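Quick notes on the structure that follows.
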Amino acid sequence: MVRSSSRPHRIVATGLGVLLASPLIAPIAHGDPPSPAEVGDFSAPFVEGGYLRQPDEDLRGDNPLRSQPDYCRPDDDADGLLECAPAAGSLAVLPSGDVLYFNALEATEDLEASIANEVGTVFVNDQSRVMTLGVEPVGTDLAGALRGDGTEWSQPDPVRADPGADTARGSAGPLVPDGLHNQGHDAGAAAQALFCADLDFLGDGRLLVVGGTDYYFDPVFGTVPEESPVFGGKTWGLGELEGTTQARIFEQDADGNVTVVTSADMEYGRWYPSSISIGSGDKLVFSGVQKLLKPLYPDQEITNSGRNVPQVERFVPGVPGSESAAGTDDRFVTESEATANRSLPLFPRLHLLPNGEVYYAAAGQVFNPFGQAYDQALWNIAATYDPTTQSWTDLGVPGVALAVDAADAVLEGTTEDGELGGTSTVIGFRGSTFSIMLPLRADADGSYSEASFLAAGGVIGVTPGSYLSTDQSAVTTLTFDGGEVDTFSTHETGPLNTSRWYGTGVLLPDDTVMVFNGANRDEVVGPGTGTPILTAERFDPATGVWTTMATANRARTYHNTASLLPDGSVLIGGHAPITTLYGFNYSLLDGANDGGPDDGLFSPQDGRDPTFEIYRPPYMYGARPEVTSTDLGLDAKAARGSTIDAFGVLPNDIADAVLIRRTSITHLVDGDQRAVVVDAAASDGGISVKVPEDANVVPDGPYLLFIRDNNGIPSMGIPVNVAGDPE
Amino acid sequence: MLVALVAVTTLGPATRPAAAHETPTEVVTLVSEIEPSVEGLTVQVVQSVSTQLVLTNETEDTASVLDDAGRAFLRIGGGVIEANVDVAAWFLSNDPVGEVSDLPPRAVDGFVDDVWIQVAEGDRWGWFDHRLHPETIAVPGNTSASEGPAVLGRWTVPIIVGDVDVEVRGVIEFRPPVGTYLTLVLVSPEPLAATVLEGPAPGLFAERRTAGEVIVLGGFDEPMLRFRDGGVDANWASPTWHETARAMSTQPTPYTTASAVADADWHEVAAVDRFGWLDPRIRYPTKPPDDPTFATTIARWSIPMLIGDQQLEVGGESRWQPIDSTTPVSTAGADGTSAWRIVLIIATSALIVAAVIALLRRELRPADMRAVRFDDD
């Protein structure tokens with residue numbers, strides 16, 4: 001390893017450290033970690049081959065100040081752009097166990113001066129990849145575990161998921177009339193980028209991707225003379241990122257090949273929407289914004305401008321036909337605008353409740369440049385959406401016990417127990433946080449009367465938020481009575497050990513929750529100014545305490561991902577930051593974790609990070625229940641209400657099992673994230689587990705089943721594809 | 001180049017790209033007067049890449065917007081929006097910068113004949129009127145916040161509606177941010193409990209805790225919302241609710257103009273006895289306190305309601321909180337100005353230091369020095 005540092009460098013680094021002294025900069029933990037059996041450990045990073053920049057290559061182009069990307073190679077197809085490995089800005093673990101991921105903000109490595117003025121010419125549609133992880137040899141403590149060595153990559157067809165004509169598919173008109181200004185739609189090649197889309201599994205295991213980005217200029221300013229030192233010869237303008245109406249479906253065949261086909265179009269273009277499965281098998285799509293930077297629509301009702309899309313759309317999957325695997329009769333239907341419309345943040349945190357309603361957790365992405373939505377005060381209200389009546393019910397403002405009269409008025413920062421609200425200083429909307437639904441458990445009568453949700457970190461308040469991240473952590477609990485929400489309360493837990501913006505939450509099969517990645521400041525407000533947080537933390541719901549765990553190798557701030565893998569480990573990936581302060585890639589200080597004095601001080605801004613790491617939790621370093629076979633068929637299908645028999649080396653103290661939905665995540669959001677604890681009983685030579693009967697508890701789709709002993713130690717996951725009601 | 005980037009960053013929030021006529025966020029442009037007032041004619045200022053005017057003409061007459069020479073370049077009437085392509089102002093009004101280099105010859109040759117073409121259908125159009133964009137805006141460096149907004153400039157846009165000459169007048173004001181407002185509920189009469197929803201346009205969330213009907217009154221003291229057993233109703237005949245529903249994209253009323261004196265027309269908006277809505281009566285004061293260095297109560301607000309035969313109110317106050325002593329864990333949002341200032345300071349400082357580092361590195365670091373993390377092939 002070559003270490004880069006120099007004396008002047010150190011001096012300046014120290015000066016900056018003083019300039020930006022605490023509390024802005026949180027300490028990064030260093031030193032020898034405890035044993036993996038206590039805190040788990042991270043594998044060495046691994047990456048798709050063929051992209052590593054060679055030592056003699058200079059890829060900085062016209063701007064010598066740009067930081068060099070590590071995983072790009074020179075342009076080899078004359079399009080003027082570097083060839084770079086995609087990062088896992090969005091990721092799904094397919095029913096086969098392969099990992100599908102796609103890039104975010106493809107081509108930031110090529111921005112010369114300013115992301116705001118170059119997106120229409122530089123950006124391209126995002127690449128996608130399928131990764132088949134290697135397997136640890138038998139005979140170690142991690143027998144059968146997934147690892148980076150031996151991992152292989154392949155490309156979906158088409159690799160940029162642009163099966164249709166490369167034309168804009170937004171629902172908003174231009175800011176200025178067509179014909180008077182070139183809007184720049186033709187100038188770029190990124191009308192169908194996957195970036196900003198949400199992704200969720202269909203009931204049959206295919207992956208639905210809704211929305212996307214059309215990059216262009218609105219308006220175009222013109223072409224800069226060749227001799228100009230900046231933008232020479234380039235078209236430039238005021239960038240726009242418009243949400244597209246399109247939906248795409250990724251399908252993997254028996255040979256492992258993944259193809260992408262076009263499904264139906266939504267009525268509204270959506271950038272940063274959230275989709276979620278409901279018990280009927282349909283999907284609902286919420287929020288998103290039509291145009292990110294200039295949400296002004298002269299051709300629409302004036303109240304549509306300056307806000308996100310309030311309409312809700314329902315995806316009704318068709319029956320896959322013989323000619324088109326996507327099913328030509330897929331369709332989107334807009335829910336009743338009279339009752340279903342609601343202002344929500346971008347990527348609203350949503351969950352399907354066991355009563356069939358969709359819960360909005362008063363959290364989302366804090367990122368509406370220009371569009372600090374005029375109605376965003378309403379985002380503070382947690383609410384439920386009933387897909388049957390297509391209407392909303394307000395629940396309350398998380399953490400606020402309402403004032404009854406002046407004598408016991410609840411003022412800022414103080415709370416009290418109440419019918420609505422609980423004990424918490426976490427008040428109202430929280431931005432850029434994860435929201436994890438804790439495991440559902442049936443009551444003695446088989447009903448599900450409670451659901452709890454954990455949110456930690458992020459920033460406080462609606463856009464633009466507090467910029468500095470918070471360490472606050474809270475659990476919000478809804479109880480149900482007769483299918484209706486009965487109570488709603490928020491209780492603060494122990495805080496994170498380190499304040500964290502954009503940490504990805506992962507529910508493990510031992511009921512604990514881990515948080516990975518992120519930074520200590522909002523990297524959307526000030527890209528490149530955040531301190532990466534490499535140390536993972538683990539939340540124990542039994543104690544309400546967050547514990548510091550192992551430390552990752554790579555800094556991953558914006559567009560990071562983390563996902564539970566079938567063996568119970570966690571795949572960590574992503575990091576595709578916005579260019580430094582909306583200019584070009586430039587790591588403040590050197591941005592590298594190379595042993596220099598500035599390590600970890602600022603986010604690396606030298607391009608995206610296409611590497612992965614695998615985190616192995618403590619339960620992988622000891623004896624685990626070992627399942628070797630089940631009575632499921634090759635398709636792993638199990639109807640709701642059916643029984644699954646599992647066999648293997650199973651201790652006598654098997655306690656229960658947990659069904660965990662396979663991950664499909666982007667921007668901290670996995671709308672279908674859920675875990676359901678189910679009873680496990682001894683059967684003939686094995687363990688028998690019954691799949692819950694309620695489609696609102698386990699909607700159709702791919703899951704992993706973990707058998708657990710009395711200590712909560714889980715087996716490796718058994719693939720289960722829940723399909724349909726009992727016959 | 002870095003200097004240019006610093007300049008971009010210091011002009012406004014980091015997420016805002018540079019634009020001509022970009023002004024500090026403390027400078028606001030407002031419509032102050034429409035003289036004479038014409039029912040059905042509204043003019044608003046909208047901030048996008050630059051300040052825009054948006055004209056809505058719901059009258060039966062055509063409204064024509066005039067340029068400085070008195071020629072109409074835009075007209076709205078009969079559900080049609082038309083542009084006069086013989087006038088340069090039309091082309092300039094579609095450019096946020098106002099610098100169109102390739103104007104059609106007929107638009108620069110002086111008066112010939114009006115040539116009207118339809119550009120859209122509807123009764124509303126927004127354009128960049130550069131009378132709102134003075135070449136320079138001199139932000140007073142010594143303006144005291146306690147003196148209130150300082151008027152930096154005035155503008156006038158003439159419009160002809162039918163045969164009536166109308167002047168839309170406005171101001172450009174400087175409003176130095178030196179603190180923030182916290183808006184709180186202090187009084188909430190039983191059986192109602194309420195809390196403020198913070199945001200650019202604040203709202204109120206209320207819950208009926210015990211039995212008893214509560215009717216929240218609108219801005220004209222008309223019934224607007226009704227909290228009752230098992231639900232909340234909105235009065236479609238309330239003009240206040242009419243605008244609120246429109247802004248919230250909730251159930252639209254069938255009324256184009258509702259009347260405050262009409263009989264109530266109740267429709268359910270919630271099947272539980274709690275509900276949140278935007279309410280312009282909970283607004284942030286426009287004038288800071290006399291001494292903005294001290295936290296103080298600066299304004300009180302109230303929303304009237306009928307409980308039984310009594311008229312009571314949910315009341316609260318807006319507190320002034322100086323920036324220096326703002327509690328970071330305040331209720332959601334406030335105006336967020338302090339956060340942007342932090343961004344600005346950090347961004348500017350970091351870029352300056354980064355530029356120095358870059359220069360030092362180029363001078364002092366061996367050419368082949370770079371971090372090698374691990375090899376993949």
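The way I read the labels, and the way they are meant: chains A, B, ... in the order of the structure tokens, residue 1 as the first residue of every chain, and ligand 1 as the first ligand shown, with later ones counted on from there.
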
To test your reading of the structure, identify every residue in stretch 23-230 of chain B that backbone DSSP assigns to strand (DSSP E), and report it as a PyMOL selection string. chain B and resi 27-35+41-47+51-57+63-66+72-77+80-84+116-121+124-127+150-161+164-174+179-187+192-197+203-208+214-217+223-228

Show me, as a compact mmCIF listing (two decimals) with N, CA, C and O atoms, in the first residue's frame, the residues that have an atom within 7 Å of stretch 474-483 of chain A when counting only C-alpha atoms, minus same-chain residues fewer than 3 positions from it.
# COMPACT_ATOMS: atom_id res chain seq x y z
N ASN A 355 -53.40 -5.17 9.27
CA ASN A 355 -54.84 -4.97 9.01
C ASN A 355 -55.09 -4.60 7.54
O ASN A 355 -56.21 -4.27 7.17
N SER A 449 -52.09 -8.00 16.57
CA SER A 449 -52.70 -6.81 17.18
C SER A 449 -51.72 -5.68 17.41
O SER A 449 -52.08 -4.67 18.00
N GLU A 450 -50.51 -5.85 16.95
CA GLU A 450 -49.51 -4.80 17.22
C GLU A 450 -48.46 -4.81 16.13
O GLU A 450 -48.07 -5.85 15.62
N ALA A 451 -47.98 -3.63 15.78
CA ALA A 451 -46.86 -3.49 14.85
C ALA A 451 -46.02 -2.32 15.32
O ALA A 451 -46.55 -1.26 15.66
N SER A 452 -44.70 -2.53 15.34
CA SER A 452 -43.79 -1.49 15.82
C SER A 452 -42.75 -1.16 14.76
O SER A 452 -42.36 -2.03 13.97
N PHE A 453 -42.30 0.07 14.80
CA PHE A 453 -41.41 0.56 13.75
C PHE A 453 -40.25 1.32 14.40
O PHE A 453 -40.47 2.20 15.22
N LEU A 454 -39.05 0.98 13.98
CA LEU A 454 -37.86 1.61 14.52
C LEU A 454 -37.29 2.59 13.50
O LEU A 454 -37.10 2.24 12.33
N ALA A 455 -37.03 3.81 13.95
CA ALA A 455 -36.33 4.79 13.12
C ALA A 455 -35.20 5.37 13.97
O ALA A 455 -35.39 5.64 15.16
N ALA A 456 -34.04 5.54 13.37
CA ALA A 456 -32.91 6.08 14.13
C ALA A 456 -32.04 6.91 13.20
O ALA A 456 -31.86 6.56 12.03
N ASP A 486 -55.94 1.18 16.89
CA ASP A 486 -56.54 1.54 18.18
C ASP A 486 -55.69 2.60 18.89
O ASP A 486 -56.22 3.60 19.36
N THR A 487 -54.40 2.36 18.97
CA THR A 487 -53.52 3.35 19.59
C THR A 487 -52.28 3.57 18.73
O THR A 487 -51.90 2.72 17.93
N PHE A 488 -51.67 4.72 18.96
CA PHE A 488 -50.49 5.13 18.22
C PHE A 488 -49.59 5.84 19.20
O PHE A 488 -50.00 6.81 19.83
N SER A 489 -48.39 5.34 19.39
CA SER A 489 -47.50 5.98 20.37
C SER A 489 -46.05 5.87 19.92
O SER A 489 -45.68 4.95 19.20
N THR A 490 -45.27 6.84 20.35
CA THR A 490 -43.85 6.86 20.02
C THR A 490 -43.04 6.94 21.30
O THR A 490 -43.33 7.78 22.16
N HIS A 491 -42.07 6.07 21.42
CA HIS A 491 -41.23 6.05 22.61
C HIS A 491 -39.78 6.10 22.19
O HIS A 491 -39.35 5.34 21.32
N GLU A 492 -39.04 6.97 22.81
CA GLU A 492 -37.63 7.09 22.49
C GLU A 492 -36.86 5.92 23.10
O GLU A 492 -37.11 5.52 24.24
N THR A 493 -35.93 5.38 22.33
CA THR A 493 -35.06 4.31 22.84
C THR A 493 -33.72 4.94 23.21
O THR A 493 -33.55 6.16 23.15

Can you list, as a list in words, every protein, DNA or RNA residue that comes within 8 Å of B:Gly315 when you count only C-alpha atoms, leaving out same-chain residues fewer than 6 positions away?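 So, after excluding close chain neighbours, the residues are Val185, Leu186, Val187, Ser188, Arg300, Trp301, Ser302 and Ile303 of chain B.
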
Atomic distance atom CA of A:Asp149 - atom CA of A:Gly134, expressed in Å with one decimal: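 A separation of 5.7 Å between them.
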
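When only C-alpha atoms are used to compute distances to A:Thr339, the closest of the residues B:Glu317, B:Asp309, B:Glu268, B:Asp263 turns out to be B:Glu268.
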
Shortest interatomic distance to B:Gly203 - which of A:Tyr448, A:Phe584, A:Trp379, A:Phe706, counting only C-alpha atoms: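 Of A:Tyr448, A:Phe584, A:Trp379, A:Phe706, the one nearest B:Gly203 is A:Trp379, counting only C-alpha atoms.
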
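Distances to A:Ala639 were evaluated for A:Leu564, A:Cys84, A:Val722, A:Val677 using only C-alpha atoms, and the minimum falls at A:Val722.
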
Polymer residues at most 12 Å from stretch 223-237 of chain B, only C-alpha atoms, same-chain spacing of 6 or more positions, as a ChimeraX atom specification: /A:393-394 /B:190-193,206-217,243-246,250-277,279,303-308,311

note - atom CA of B:Glu121 and atom CA of B:Ile81 are separated by 5.7 Å
